[in-house]
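K.L.:
Dumping the structure here so I can ask a few things about it.
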Amino acid sequence: MAPSPLSSDRPALVARLRAAGCVYAEDEADLLIAAADTAEALAWLADRRVAGLPLEHLLGWAEFCGLRVAVDSGVFVPRGRTALLVSAAAAVAGPAPAVLDLCCGSGAAALVLHGRLAPRWLAAADIDPAAVACARRNLAPLGVPVYQGDLFGPIPTEWRGRLDLVVANAPYVPSGAVAILPTEARLHEAPVALDGGVDGLAVLRRVAAGAAEWLAPGGHLAVEISAGQAEALCGLLTEAGLVPRVVHDDDLDATAVTARRPA
Ligand SMILES: C[S@@+](CC[C@H](N)C(=O)[O-])C[C@H]1O[C@@H](n2cnc3c(N)ncnc32)[C@H](O)[C@@H]1O
């Protein structure tokens with residue numbers, strides 16, 4: 001590919017991004033240069049990045065598990081660590097599963113699972129209209145429906161008790177810790193995507209109760225959590241009648257829990 005005519009701006013842009021605290025300044029500079037078709041557009045992007053807007057919101061996409069996922073402003077940016085949740089979920093899915101990506105945000109997990117599994121049914125859902133619109137952009141071309149509403153509320157009732165896999169990267173940050181999240185998250189992602197209530201488990205508690213009802217016997221729930229919350233989460237999954245198992249990945253600094261509905 002021919003180098004962009006804007007490449008001559010790269011050294012100054014790298015220095016500016018680095019001074020603003022961007023750890024991967026070179027990579028970011030290349031991505032911003034590739035995204036801009038004029039010097040004015042590049043200046044606009046650079047100014048906003050230096051002001052603290054998430055790179056992915058400026059580019060309009062994020063890389064997740066090797067795929068390019070559209071991410072609109074205000075929508076949760078899929079994190080690298082969530083790759084563990086997706087692989088833990090895929091590992092327990094079984095053949096031709098019926099799969100629901102609950103709290104789907106951009107729909108990143110559903111997008112990856114669509115390629116990894118051969119689901120007989122796959123759908124996604126979120127409460128936030130901006131997330132639903134974004135997920136529809138990612139998933140409609142694959143024929144995957146995206147529902148809007150509170151947890152299982154909008155899911156067609158014919159799937160109650162018939163789902164083989166429910167994946168849910170629900171918010172799990174305790175309300176008191178939201179204020180100390182990195183500014184990019186705190187200022188540019190919707191509070192509903194981050195705030196998990198007093199103990200961080202308020203949404204997951206409801207996900208667990210719903211999963212016990214919506215999973216088929218032998219089906220699995222897969223959720224992400226912090227390592228420090230895993231024990232409490234396992235307690236509430238057990239109370240909901242599920243059988244939890246914790247998975248951890250040091251390299252990704254990620255923890256996921258799969259929980260089976262007994263047959
Ligand atoms: C941490 S983000 C994860 C998004 C996506 N799963 C991902 O990993 O990139 C949590 C998502 O849960 C959604 N959410 C929060 N409460 C919800 C609820 N009660 N019902 C449905 N979605 C909810 C938010 O709108 C947000 O998109």
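Simple scheme: letters A, B, ... for chains in structure tokens order, numbers from 1 for residues in each chain, numbers from 1 for ligands in the order shown.
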Show me which residues sit within 7 Å of ligand 1 when counting only C-alpha atoms and all ligand atoms, and put them as a ChimeraX atom specification.
P.N.:
/A:75-79,82,102-109,125-128,131,149-151,168-171,192-194,203
K.L.:
With a distance cut-off of 9 Å and only C-alpha atoms, select the neighbouring residues of range 47-64 of chain A, excluding the residue or stretch itself and same-chain residues fewer than 2 positions from it, and output the selection as a ChimeraX atom specification.
P.N.:
/A:16-17,19-22,28,31-32,35,42-45,66-75,77-80,82-83,108-109,112,183-185,187-188
K.L.:
Write out as a CSV table (one decimal) with N, CA, C and O atoms, in the first residue's frame each polymer residue whose atoms come within 8 Å of Ala88 in chain A, counting only C-alpha atoms; drop sequence neighbours fewer than 6 positions from it.
P.N.:
chain,number,residue,atom,x,y,z
A,222,ALA,N,-22.0,-17.8,30.8
A,222,ALA,CA,-20.5,-17.4,30.9
A,222,ALA,C,-20.5,-15.9,31.1
A,222,ALA,O,-21.1,-15.2,30.3
A,247,VAL,N,-12.4,-19.5,35.5
A,247,VAL,CA,-11.3,-19.6,34.5
A,247,VAL,C,-10.5,-18.3,34.7
A,247,VAL,O,-11.1,-17.2,34.7
A,256,ALA,N,-13.1,-15.2,34.1
A,256,ALA,CA,-14.4,-15.5,33.6
A,256,ALA,C,-15.0,-16.6,34.5
A,256,ALA,O,-14.2,-17.4,35.1
A,258,THR,N,-17.9,-19.8,34.1
A,258,THR,CA,-18.9,-20.5,33.4
A,258,THR,C,-19.8,-21.2,34.5
A,258,THR,O,-19.2,-21.6,35.5
K.L.:
Take CA of Arg120 in chain A and CA of Arg81 in chain A and report the distance between them in Å, one decimal.
P.N.:
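Going from CA of Arg120 in chain A over to CA of Arg81 in chain A covers 26.9 Å.
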K.L.:
Any chance you could list, as a PyMOL selection string, the residues in range 38-229 of chain A that come up strand (DSSP E or B) when DSSP is run on the backbone?
P.N.:
chain A and resi 61-64+67-70+74+98-102+121-126+146-148+163-168+173+189+195+215-225
K.L.:
Using only C-alpha atoms, which of the listed residues (A:Thr238, A:Pro129, A:Ala123, A:Arg18) sits closest to Pro156 in chain A?
P.N.:
A:Ala123
K.L.:
When DSSP works through the backbone of this structure, what residues of range 81-132 of chain A end up as helix (DSSP H, G or I), shown as a list in words?
P.N.:
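Taking range 81-132 of chain A and keeping helix (DSSP H, G or I) gives Thr82, Ala83, Leu84, Leu85, Val86, Ser87, Ala88, Ala89, Ala90, Ala91, Val92, Ala108, Ala109, Ala110, Leu111, Val112, Leu113, His114, Gly115, Arg116, Pro129, Ala130, Ala131 and Val132 of chain A.
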K.L.:
Save the residues we just selected, N, CA, C and O atoms, as a short mmCIF file (atom, residue, chain, number, x, y, z; two decimals), in the first residue's frame?
P.N.:
data_model
loop_
_atom_site.label_atom_id
_atom_site.label_comp_id
_atom_site.auth_asym_id
_atom_site.auth_seq_id
_atom_site.Cartn_x
_atom_site.Cartn_y
_atom_site.Cartn_z
N THR A 82 -11.63 -9.55 27.39
CA THR A 82 -12.89 -10.26 27.17
C THR A 82 -12.72 -11.43 26.21
O THR A 82 -13.62 -12.28 26.07
N ALA A 83 -11.55 -11.52 25.58
CA ALA A 83 -11.24 -12.71 24.76
C ALA A 83 -11.34 -13.98 25.61
O ALA A 83 -11.73 -15.05 25.11
N LEU A 84 -11.01 -13.87 26.91
CA LEU A 84 -11.11 -15.06 27.77
C LEU A 84 -12.57 -15.49 27.92
O LEU A 84 -12.89 -16.69 27.83
N LEU A 85 -13.45 -14.54 28.14
CA LEU A 85 -14.88 -14.87 28.27
C LEU A 85 -15.37 -15.58 27.00
O LEU A 85 -16.07 -16.60 27.08
N VAL A 86 -14.98 -15.05 25.86
CA VAL A 86 -15.46 -15.62 24.59
C VAL A 86 -14.93 -17.04 24.43
O VAL A 86 -15.68 -17.95 24.05
N SER A 87 -13.62 -17.26 24.73
CA SER A 87 -13.14 -18.64 24.55
C SER A 87 -13.69 -19.59 25.60
O SER A 87 -13.98 -20.76 25.29
N ALA A 88 -13.90 -19.10 26.84
CA ALA A 88 -14.51 -19.96 27.86
C ALA A 88 -15.93 -20.33 27.46
O ALA A 88 -16.36 -21.48 27.64
N ALA A 89 -16.65 -19.37 26.88
CA ALA A 89 -18.02 -19.63 26.44
C ALA A 89 -18.03 -20.63 25.29
O ALA A 89 -18.81 -21.59 25.29
N ALA A 90 -17.14 -20.41 24.31
CA ALA A 90 -17.11 -21.30 23.14
C ALA A 90 -16.78 -22.73 23.58
O ALA A 90 -17.30 -23.70 23.01
N ALA A 91 -15.94 -22.84 24.62
CA ALA A 91 -15.50 -24.17 25.06
C ALA A 91 -16.63 -25.01 25.66
O ALA A 91 -16.56 -26.24 25.65
N VAL A 92 -17.65 -24.33 26.20
CA VAL A 92 -18.74 -25.09 26.83
C VAL A 92 -20.01 -25.11 25.97
O VAL A 92 -21.05 -25.62 26.40
N ALA A 108 -19.71 -7.34 20.20
CA ALA A 108 -18.41 -7.95 19.87
C ALA A 108 -18.37 -9.45 20.15
O ALA A 108 -17.88 -10.23 19.32
N ALA A 109 -18.89 -9.87 21.30
CA ALA A 109 -18.83 -11.30 21.65
C ALA A 109 -19.67 -12.12 20.67
O ALA A 109 -19.23 -13.17 20.19
N ALA A 110 -20.85 -11.62 20.35
CA ALA A 110 -21.72 -12.36 19.40
C ALA A 110 -21.04 -12.46 18.04
O ALA A 110 -21.11 -13.50 17.38
N LEU A 111 -20.37 -11.38 17.64
CA LEU A 111 -19.70 -11.38 16.34
C LEU A 111 -18.64 -12.48 16.29
O LEU A 111 -18.56 -13.23 15.31
N VAL A 112 -17.86 -12.60 17.34
CA VAL A 112 -16.79 -13.61 17.37
C VAL A 112 -17.41 -15.01 17.48
O VAL A 112 -16.99 -15.94 16.78
N LEU A 113 -18.43 -15.15 18.32
CA LEU A 113 -19.05 -16.49 18.49
C LEU A 113 -19.74 -16.95 17.21
O LEU A 113 -19.77 -18.15 16.92
N HIS A 114 -20.25 -16.01 16.44
CA HIS A 114 -20.87 -16.37 15.16
C HIS A 114 -19.86 -17.10 14.28
O HIS A 114 -20.18 -18.07 13.59
N GLY A 115 -18.60 -16.63 14.33
CA GLY A 115 -17.57 -17.26 13.51
C GLY A 115 -17.02 -18.54 14.11
O GLY A 115 -16.56 -19.42 13.39
N ARG A 116 -17.04 -18.63 15.46
CA ARG A 116 -16.40 -19.80 16.11
C ARG A 116 -17.33 -20.98 16.28
O ARG A 116 -16.91 -22.12 16.33
N PRO A 129 -30.05 2.07 24.07
CA PRO A 129 -30.38 2.20 22.64
C PRO A 129 -29.14 2.44 21.77
O PRO A 129 -29.09 1.95 20.64
N ALA A 130 -28.14 3.18 22.28
CA ALA A 130 -26.94 3.44 21.46
C ALA A 130 -26.18 2.13 21.23
O ALA A 130 -25.68 1.88 20.13
N ALA A 131 -26.09 1.29 22.25
CA ALA A 131 -25.41 0.00 22.10
C ALA A 131 -26.19 -0.89 21.13
O ALA A 131 -25.60 -1.55 20.27
N VAL A 132 -27.51 -0.87 21.24
CA VAL A 132 -28.33 -1.72 20.35
C VAL A 132 -28.13 -1.29 18.89
O VAL A 132 -27.94 -2.14 18.01
#
K.L.:
Taking only C-alpha atoms into account, which of A:Ala209, A:Leu252, A:Ala240, A:Leu139 comes nearest Ala227 in chain A?
P.N.:
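With only C-alpha atoms as the atom set, the closest residue is A:Leu252.
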K.L.:
So that I can check the surroundings of Leu242 in chain A, please list as a ChimeraX atom specification every protein, DNA and RNA residue that reaches within 10 Å of it, counting only C-alpha atoms and ignoring chain neighbours fewer than 4 positions away.
P.N.:
/A:208-209,211-212,218-221,234-238,258-262
K.L.:
I want to know what sits within 9 Å of Ala96 in chain A, based on only C-alpha atoms, with residues of the same chain fewer than 3 positions away left out; could you give that as a ChimeraX atom specification?
P.N.:
/A:93,117-121
K.L.:
Between CA of Asp9 in chain A and CA of Tyr24 in chain A, what is the distance in Å, rounded to a tenth?
P.N.:
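Between these atoms lies a distance of 16.8 Å.
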K.L.:
So that I can check the surroundings of Arg162 in chain A, please list as a PyMOL selection string every protein, DNA and RNA residue that reaches within 8 Å of it, counting only C-alpha atoms and ignoring chain neighbours fewer than 5 positions away.
P.N.:
chain A and resi 98+214-217
